[in-house]
>>> print(open('coords-v5.txt').read())   # compact mmCIF, C-alpha atoms
# COMPACT_ATOMS: atom_id res chain seq x y z
CA MET A 1363 0.00 0.00 0.00
CA ILE A 1364 1.26 3.45 -0.90
CA PRO A 1365 0.76 6.08 1.80
CA LEU A 1366 -0.69 9.47 0.87
CA SER A 1367 2.57 11.14 1.82
CA TRP A 1368 4.42 9.68 -1.18
CA TYR A 1369 2.03 11.28 -3.64
CA LEU A 1370 2.14 14.62 -1.84
CA ILE A 1371 5.94 14.71 -1.71
CA PHE A 1372 6.15 13.73 -5.37
CA ALA A 1373 3.64 16.40 -6.39
CA ALA A 1374 5.45 19.01 -4.30
CA SER A 1375 8.78 18.25 -5.95
CA LEU A 1376 7.25 18.30 -9.44
CA PHE A 1377 5.59 21.63 -8.62
CA CYS A 1378 8.91 23.10 -7.49
CA ILE A 1379 10.64 21.85 -10.64
CA GLY A 1380 7.95 23.57 -12.70
CA LEU A 1381 8.31 26.74 -10.64
CA TYR A 1382 12.06 26.70 -11.24
CA GLY A 1383 11.42 26.42 -14.98
CA VAL A 1384 8.95 29.32 -14.91
CA LEU A 1385 11.33 31.55 -12.98
CA VAL A 1386 14.53 30.71 -14.80
CA ARG A 1387 13.93 29.95 -18.48
CA LYS A 1388 14.36 32.72 -21.03
CA ASN A 1389 12.24 31.28 -23.80
CA ALA A 1390 8.53 32.06 -23.41
CA ILE A 1391 7.55 28.59 -24.65
CA ALA A 1392 9.77 27.00 -22.00
CA ILE A 1393 7.97 29.10 -19.38
CA LEU A 1394 4.68 27.61 -20.58
CA LEU A 1395 6.21 24.12 -20.29
CA GLY A 1396 6.98 24.90 -16.63
CA ILE A 1397 3.38 26.01 -16.07
CA GLU A 1398 2.18 22.69 -17.51
CA LEU A 1399 4.33 20.81 -14.99
CA MET A 1400 2.85 22.86 -12.14
CA LEU A 1401 -0.74 22.26 -13.28
CA ASN A 1402 -0.09 18.54 -13.54
CA SER A 1403 1.34 18.29 -10.04
CA VAL A 1404 -1.72 20.11 -8.68
CA ASN A 1405 -3.92 17.58 -10.48
CA ILE A 1406 -2.05 14.69 -8.87
CA ASN A 1407 -2.71 16.30 -5.49
CA LEU A 1408 -6.43 16.70 -6.23
CA ILE A 1409 -6.84 13.09 -7.35
CA ALA A 1410 -4.74 11.77 -4.44
CA PHE A 1411 -6.80 13.69 -1.88
CA TRP A 1412 -9.99 12.47 -3.54
CA ARG A 1413 -8.78 8.84 -3.38
CA TYR A 1414 -7.48 8.91 0.19
CA ARG A 1415 -9.84 11.32 1.96
CA ASP A 1416 -13.17 11.25 0.13
CA PRO A 1417 -13.45 8.30 -2.28
CA GLU A 1418 -17.26 8.31 -1.97
CA GLY A 1419 -17.53 11.92 -3.09
CA ILE A 1420 -17.22 13.42 -6.55
CA ALA A 1421 -15.84 16.87 -5.79
CA GLY A 1422 -12.16 15.95 -6.25
CA GLN A 1423 -12.70 14.45 -9.69
CA ALA A 1424 -14.94 17.32 -10.85
CA PHE A 1425 -12.32 19.81 -9.73
CA ALA A 1426 -9.58 17.93 -11.59
CA ILE A 1427 -11.64 17.97 -14.80
CA ILE A 1428 -12.01 21.75 -14.51
CA VAL A 1429 -8.23 22.01 -14.11
CA PHE A 1430 -7.79 19.97 -17.31
CA ALA A 1431 -10.11 22.30 -19.24
CA VAL A 1432 -8.40 25.41 -17.88
CA ALA A 1433 -4.98 24.00 -18.79
CA ALA A 1434 -6.08 23.30 -22.35
CA ALA A 1435 -7.50 26.82 -22.79
CA GLU A 1436 -4.42 28.35 -21.15
CA VAL A 1437 -1.95 26.61 -23.42
CA ALA A 1438 -3.94 27.40 -26.57
CA VAL A 1439 -4.13 31.12 -25.80
CA GLY A 1440 -0.56 31.28 -24.49
CA LEU A 1441 0.97 29.66 -27.56
CA ALA A 1442 -1.18 31.84 -29.84
CA LEU A 1443 0.14 34.93 -28.08
CA ILE A 1444 3.74 33.73 -28.39
CA ILE A 1445 3.34 32.97 -32.10
CA SER A 1446 1.72 36.36 -32.67
CA ILE A 1447 4.58 38.13 -30.85
CA TYR A 1448 7.08 36.10 -32.84
CA ARG A 1449 5.45 37.25 -36.10
CA ARG A 1450 5.60 40.92 -35.17
CA ARG A 1451 8.91 41.14 -33.32
CA ALA A 1452 10.80 37.96 -34.33
CA THR A 1453 11.62 37.03 -30.74
CA VAL A 1454 10.37 34.59 -28.12
CA VAL A 1455 12.77 35.70 -25.36
CA ALA A 1456 10.66 36.82 -22.42
CA ASP A 1457 13.14 39.56 -21.50
CA ASP A 1458 12.84 41.19 -24.94
CA ILE A 1459 9.05 41.38 -24.82
CA ASN A 1460 8.97 44.62 -22.84
CA LEU A 1461 6.56 46.85 -24.73
CA MET A 1462 4.19 47.08 -21.76
CA LYS A 1463 6.91 47.53 -19.16
CA TRP A 1464 6.82 50.86 -17.37
CA MET B 665 7.88 -3.59 -0.08
CA SER B 666 4.89 -4.37 -2.20
CA ALA B 667 4.77 -4.39 -5.98
CA GLU B 668 2.72 -1.18 -6.01
CA GLN B 669 5.37 0.65 -4.03
CA ILE B 670 8.15 -0.53 -6.32
CA ILE B 671 6.18 0.62 -9.38
CA PHE B 672 5.52 3.96 -7.69
CA LEU B 673 9.19 4.54 -6.88
CA ILE B 674 10.41 3.64 -10.37
CA VAL B 675 7.79 5.79 -12.10
CA ALA B 676 8.37 8.66 -9.68
CA ALA B 677 12.12 8.60 -10.33
CA VAL B 678 11.64 8.52 -14.11
CA THR B 679 9.05 11.30 -13.97
CA LEU B 680 11.16 13.57 -11.79
CA VAL B 681 14.24 13.10 -13.98
CA ALA B 682 12.12 13.83 -17.05
CA GLY B 683 10.68 16.91 -15.34
CA LEU B 684 14.16 18.17 -14.51
CA SER B 685 15.17 17.62 -18.13
CA VAL B 686 12.15 19.68 -19.25
CA VAL B 687 13.39 22.72 -17.36
CA THR B 688 17.12 22.29 -18.02
CA SER B 689 17.41 20.91 -21.55
CA ARG B 690 18.99 23.34 -24.03
CA ASN B 691 17.03 22.22 -27.05
CA LEU B 692 13.35 23.08 -26.76
CA ILE B 693 12.24 20.15 -28.90
CA HIS B 694 13.97 17.88 -26.39
CA SER B 695 12.18 19.74 -23.60
CA ALA B 696 8.83 19.08 -25.25
CA LEU B 697 9.67 15.38 -25.71
CA TRP B 698 10.73 15.10 -22.05
CA LEU B 699 7.40 16.73 -21.17
CA ILE B 700 5.64 13.86 -22.94
CA LEU B 701 7.53 11.36 -20.76
CA THR B 702 6.61 13.33 -17.63
CA LEU B 703 2.93 13.38 -18.61
CA ALA B 704 2.99 9.63 -19.29
CA GLY B 705 4.45 9.02 -15.82
CA ILE B 706 1.65 11.10 -14.31
CA ALA B 707 -0.87 8.97 -16.23
CA VAL B 708 0.61 5.92 -14.45
CA PHE B 709 -0.03 7.65 -11.12
CA TYR B 710 -3.67 8.16 -12.05
CA VAL B 711 -3.93 4.42 -12.69
CA LEU B 712 -2.34 3.70 -9.30
CA LEU B 713 -4.91 6.04 -7.74
CA ASP B 714 -7.83 4.06 -9.29
CA ALA B 715 -8.71 6.97 -11.57
CA GLY B 716 -8.45 5.22 -14.92
CA PHE B 717 -10.64 7.81 -16.62
CA PHE B 718 -8.11 10.50 -15.75
CA ALA B 719 -5.27 8.42 -17.11
CA VAL B 720 -7.16 8.27 -20.41
CA ILE B 721 -7.83 12.03 -20.39
CA GLN B 722 -4.18 12.61 -19.55
CA VAL B 723 -3.05 10.64 -22.59
CA VAL B 724 -5.64 12.08 -24.96
CA VAL B 725 -5.66 15.72 -23.89
CA TYR B 726 -2.17 16.29 -22.55
CA ILE B 727 0.02 13.96 -24.60
CA GLY B 728 -2.20 13.95 -27.66
CA ALA B 729 -3.06 17.62 -27.86
CA ILE B 730 -1.08 19.90 -25.58
CA ALA B 731 2.35 18.33 -26.06
CA ILE B 732 1.87 18.25 -29.82
CA LEU B 733 0.80 21.90 -29.72
CA PHE B 734 4.03 22.69 -27.91
CA ILE B 735 6.11 20.89 -30.50
CA PHE B 736 4.36 22.84 -33.28
CA ALA B 737 4.95 26.12 -31.47
CA VAL B 738 8.63 25.31 -30.99
CA MET B 739 8.98 24.48 -34.68
CA LEU B 740 7.24 27.71 -35.70
CA THR B 741 9.55 29.86 -33.55
CA ARG B 742 12.71 27.86 -33.82
CA ARG B 743 15.29 30.04 -35.52
CA VAL B 744 15.48 32.60 -32.71
CA MET B 745 17.09 30.75 -29.86
CA GLN B 746 18.63 27.81 -31.62
CA ASP B 747 21.03 26.20 -29.25
CA SER B 748 23.26 29.26 -28.95
CA GLY B 749 23.60 31.22 -25.76
CA SER B 750 22.37 30.45 -22.29
CA GLN B 751 18.83 29.15 -21.96
CA SER B 752 18.35 30.46 -18.44
CA ASN B 753 18.52 34.03 -17.24
CA SER B 754 21.20 35.49 -14.99
CA ASN B 755 19.13 35.05 -11.82
CA TRP B 756 18.89 31.27 -12.11
CA TRP B 757 20.34 30.71 -8.64
CA LEU B 758 17.61 32.92 -7.16
CA GLY B 759 14.96 30.84 -8.92
CA ALA B 760 16.56 27.64 -7.64
CA ILE B 761 16.61 28.98 -4.07
CA ILE B 762 12.96 30.05 -4.25
CA ALA B 763 11.88 26.66 -5.62
CA LEU B 764 13.92 24.83 -2.97
CA LEU B 765 12.53 27.01 -0.17
CA LEU B 766 8.98 26.38 -1.38
CA PHE B 767 9.63 22.62 -1.38
CA VAL B 768 11.06 22.72 2.16
CA GLY B 769 8.10 24.82 3.30
CA ILE B 770 5.54 22.42 1.81
CA VAL B 771 7.28 19.42 3.38
CA LEU B 772 7.44 21.13 6.79
CA ILE B 773 3.71 21.85 6.66
CA PHE B 774 2.99 18.23 5.66
CA ILE B 775 5.12 16.76 8.46
CA ASN B 776 3.12 18.64 11.08
CA TRP B 777 -0.14 17.24 9.69
CA GLN B 778 -1.09 14.04 11.54
CA ASP B 779 -3.00 12.40 8.64
CA PHE B 780 0.04 12.65 6.41
CA ALA B 781 0.69 8.92 6.11
CA THR B 782 -2.92 7.77 5.58
CA LEU B 783 -3.27 4.53 3.66
CA GLN B 784 -5.65 4.05 0.77
CA PRO B 785 -9.18 3.23 1.97
CA GLU B 786 -10.93 0.39 0.20
CA LEU B 787 -13.10 1.40 -2.74
CA THR B 788 -16.73 0.36 -2.45
CA ASN B 789 -18.54 -0.55 -5.71
CA SER B 790 -15.97 1.25 -7.81
CA SER B 791 -17.69 0.24 -11.05
CA GLY B 792 -20.29 3.01 -10.89
CA LYS B 793 -17.75 5.76 -10.42
CA LEU B 794 -17.49 7.07 -13.97
CA SER B 795 -21.24 7.26 -14.55
CA GLU B 796 -21.59 8.99 -11.17
CA LEU B 797 -19.04 11.55 -12.27
CA GLY B 798 -20.83 12.11 -15.55
CA LEU B 799 -24.18 12.57 -13.79
CA ALA B 800 -22.66 14.91 -11.23
CA LEU B 801 -21.23 17.11 -13.97
CA VAL B 802 -24.67 17.76 -15.51
CA SER B 803 -27.01 17.64 -12.52
CA PRO B 804 -28.25 21.12 -11.57
CA ASP B 805 -27.66 20.71 -7.83
CA GLN B 806 -24.04 19.60 -8.26
CA TYR B 807 -21.48 20.77 -10.80
CA VAL B 808 -23.39 21.91 -13.84
CA LEU B 809 -22.35 25.54 -13.39
CA PRO B 810 -18.57 24.91 -13.28
CA PHE B 811 -18.99 22.45 -16.15
CA GLU B 812 -20.75 25.00 -18.36
CA LEU B 813 -18.27 27.66 -17.34
CA ALA B 814 -15.46 25.36 -18.46
CA SER B 815 -17.17 24.89 -21.83
CA VAL B 816 -17.56 28.65 -22.28
CA LEU B 817 -13.92 29.11 -21.27
CA LEU B 818 -12.79 26.55 -23.86
CA VAL B 819 -14.84 28.21 -26.63
CA ALA B 820 -13.52 31.63 -25.64
CA GLY B 821 -9.96 30.28 -25.56
CA MET B 822 -10.38 28.71 -28.99
CA ILE B 823 -11.81 31.85 -30.59
CA GLY B 824 -9.18 33.98 -28.86
CA ALA B 825 -6.36 31.75 -30.05
CA ILE B 826 -7.61 31.87 -33.65
CA PHE B 827 -8.03 35.64 -33.46
CA VAL B 828 -4.63 36.30 -31.91
CA ALA B 829 -2.53 33.91 -33.96
CA GLY B 830 -4.43 34.11 -37.25
CA GLU B 831 -2.89 35.83 -40.22
CA LYS B 832 -4.24 39.39 -40.49
CA LYS B 833 -5.59 40.30 -43.90
CA ARG B 834 -4.31 43.70 -44.99
>>> encode(input="coords-v5.txt", output="structure tokens")
Amino acid sequence: MIPLSWYLIFAASLFCIGLYGVLVRKNAIAILLGIELMLNSVNINLIAFWRYRDPEGIAGQAFAIIVFAVAAAEVAVGLALIISIYRRRATVVADDINLMKW
Amino acid sequence: MSAEQIIFLIVAAVTLVAGLSVVTSRNLIHSALWLILTLAGIAVFYVLLDAGFFAVIQVVVYIGAIAILFIFAVMLTRRVMQDSGSQSNSNWWLGAIIALLLFVGIVLIFINWQDFATLQPELTNSSGKLSELGLALVSPDQYVLPFELASVLLVAGMIGAIFVAGEKKR
């Protein structure tokens, strides 16, 4: 039997790896990859809590499905923005996209 | 150590190594391919958690759609950062410290929680689970509002993506 703690520790480490990618990478697409890792680790947590704490309920699964939908919408819009910026300014480096910086 | 635990440890190690490769690999195509391995490992965890439906969604939506979308985006924007120069910014040590501190903080909070090492409770009549989920998502006194909101969000995201990335006619 796997204790709940293993899943939580694993999800926490995956979340921190994703956070590192978001904070550190220069390429905007790589930043989105980091966000995907973070969303996935959150989903593992949701499903693990559902399975260990409330397997009779439905809330955990419903919540995870919403996270899936939000992740799909997020990545579609994010990549569209990056491609649009690349067309206009020929760069995907997050530091160079500073038009709205004050 | 039971077979489940051994499977968990192997898959967890592979997934974490793949995740680290996603954030450190110099070539973005390699990053996207490592992401596919990470997502597949997470699908195995869903199976271990008796959520087979989510393993299927994970493969179809994440590996089938999102990862492929990433690979297309990398190919469309490739020339800019082709393997020259550093892939991480000058404050990478700060990012590493923040991520490490967050991990230590999460673990400290978990250790002080007395239900941390709960074991899996037995599932009762697990066969009806998927139909229950489907009914709950459309029944008015449960989750129909979040469900419809998610549909509207997906449509809005789709239209927005087409509008933003589409070629402008001049």
>>> residues_around(input="coords-v5.txt", residues="Thr741 in chain B", least_positions_apart="6", cutoff="8 Å", atoms="all atoms listed in the file", output="list in words")
Ile1445, Tyr1448, Thr1453 and Val1454 of chain A
>>> closest_residue(input="coords-v5.txt", among="A:Ala1435, A:Ala1421, A:Ile1444, A:Arg1415", to="chain B", atoms="only C-alpha atoms")
A:Ala1435
>>> atom_distance(input="coords-v5.txt", atom1="CA of Leu712 in chain B", atom2="CA of Ala1392 in chain A")
29.2 Å
>>> closest_residue(input="coords-v5.txt", among="B:Ile706, B:Val771, B:Met739, B:Leu764", to="Ile1391 in chain A", atoms="only C-alpha atoms")
B:Met739
>>> closest_residue(input="coords-v5.txt", among="B:Val724, B:Val808, B:Ala825, B:Met665", to="chain A", atoms="all atoms listed in the file")
B:Ala825
>>> atom_distance(input="coords-v5.txt", atom1="CA of Ile1447 in chain A", atom2="CA of Leu1394 in chain A")
14.7 Å
>>> atom_distance(input="coords-v5.txt", atom1="CA of Ser666 in chain B", atom2="CA of Tyr710 in chain B")
18.1 Å
>>> closest_residue(input="coords-v5.txt", among="B:Ala737, B:Ile773, B:Val816, B:Ala682", to="chain A", atoms="only C-alpha atoms")
B:Ala737
>>> closest_residue(input="coords-v5.txt", among="A:Gly1383, A:Asn1405, A:Ile1427, A:Glu1398", to="chain B", atoms="all atoms listed in the file")
A:Gly1383
>>> decode(input="coords-v5.txt", residues="range 714-727 of chain B", atoms="N, CA and C atoms", output="PDB file, in the first residue's frame")
ATOM      1  N   ASP B 714      -6.516   4.564  -8.891  1.00  0.00           N
ATOM      2  CA  ASP B 714      -7.829   4.060  -9.287  1.00  0.00           C
ATOM      3  C   ASP B 714      -8.643   5.104 -10.040  1.00  0.00           C
ATOM      4  N   ALA B 715      -7.984   5.982 -10.777  1.00  0.00           N
ATOM      5  CA  ALA B 715      -8.705   6.968 -11.571  1.00  0.00           C
ATOM      6  C   ALA B 715      -8.367   6.731 -13.036  1.00  0.00           C
ATOM      7  N   GLY B 716      -8.804   5.582 -13.554  1.00  0.00           N
ATOM      8  CA  GLY B 716      -8.452   5.217 -14.918  1.00  0.00           C
ATOM      9  C   GLY B 716      -8.929   6.214 -15.953  1.00  0.00           C
ATOM     10  N   PHE B 717     -10.102   6.822 -15.683  1.00  0.00           N
ATOM     11  CA  PHE B 717     -10.642   7.812 -16.616  1.00  0.00           C
ATOM     12  C   PHE B 717      -9.669   8.970 -16.779  1.00  0.00           C
ATOM     13  N   PHE B 718      -9.037   9.375 -15.666  1.00  0.00           N
ATOM     14  CA  PHE B 718      -8.111  10.500 -15.749  1.00  0.00           C
ATOM     15  C   PHE B 718      -6.826  10.123 -16.460  1.00  0.00           C
ATOM     16  N   ALA B 719      -6.426   8.862 -16.333  1.00  0.00           N
ATOM     17  CA  ALA B 719      -5.270   8.423 -17.114  1.00  0.00           C
ATOM     18  C   ALA B 719      -5.561   8.542 -18.604  1.00  0.00           C
ATOM     19  N   VAL B 720      -6.802   8.172 -18.994  1.00  0.00           N
ATOM     20  CA  VAL B 720      -7.164   8.272 -20.412  1.00  0.00           C
ATOM     21  C   VAL B 720      -7.175   9.734 -20.852  1.00  0.00           C
ATOM     22  N   ILE B 721      -7.808  10.604 -20.022  1.00  0.00           N
ATOM     23  CA  ILE B 721      -7.825  12.030 -20.388  1.00  0.00           C
ATOM     24  C   ILE B 721      -6.406  12.548 -20.490  1.00  0.00           C
ATOM     25  N   GLN B 722      -5.557  12.140 -19.545  1.00  0.00           N
ATOM     26  CA  GLN B 722      -4.175  12.614 -19.546  1.00  0.00           C
ATOM     27  C   GLN B 722      -3.505  12.281 -20.871  1.00  0.00           C
ATOM     28  N   VAL B 723      -3.686  11.030 -21.333  1.00  0.00           N
ATOM     29  CA  VAL B 723      -3.049  10.636 -22.588  1.00  0.00           C
ATOM     30  C   VAL B 723      -3.664  11.386 -23.761  1.00  0.00           C
ATOM     31  N   VAL B 724      -4.999  11.482 -23.788  1.00  0.00           N
ATOM     32  CA  VAL B 724      -5.644  12.079 -24.965  1.00  0.00           C
ATOM     33  C   VAL B 724      -5.418  13.587 -25.000  1.00  0.00           C
ATOM     34  N   VAL B 725      -5.713  14.259 -23.869  1.00  0.00           N
ATOM     35  CA  VAL B 725      -5.663  15.720 -23.887  1.00  0.00           C
ATOM     36  C   VAL B 725      -4.224  16.223 -23.771  1.00  0.00           C
ATOM     37  N   TYR B 726      -3.500  15.737 -22.767  1.00  0.00           N
ATOM     38  CA  TYR B 726      -2.169  16.293 -22.553  1.00  0.00           C
ATOM     39  C   TYR B 726      -1.170  15.802 -23.594  1.00  0.00           C
ATOM     40  N   ILE B 727      -0.993  14.473 -23.674  1.00  0.00           N
ATOM     41  CA  ILE B 727       0.017  13.961 -24.602  1.00  0.00           C
ATOM     42  C   ILE B 727      -0.441  14.160 -26.035  1.00  0.00           C
TER      43      ILE B 727
END
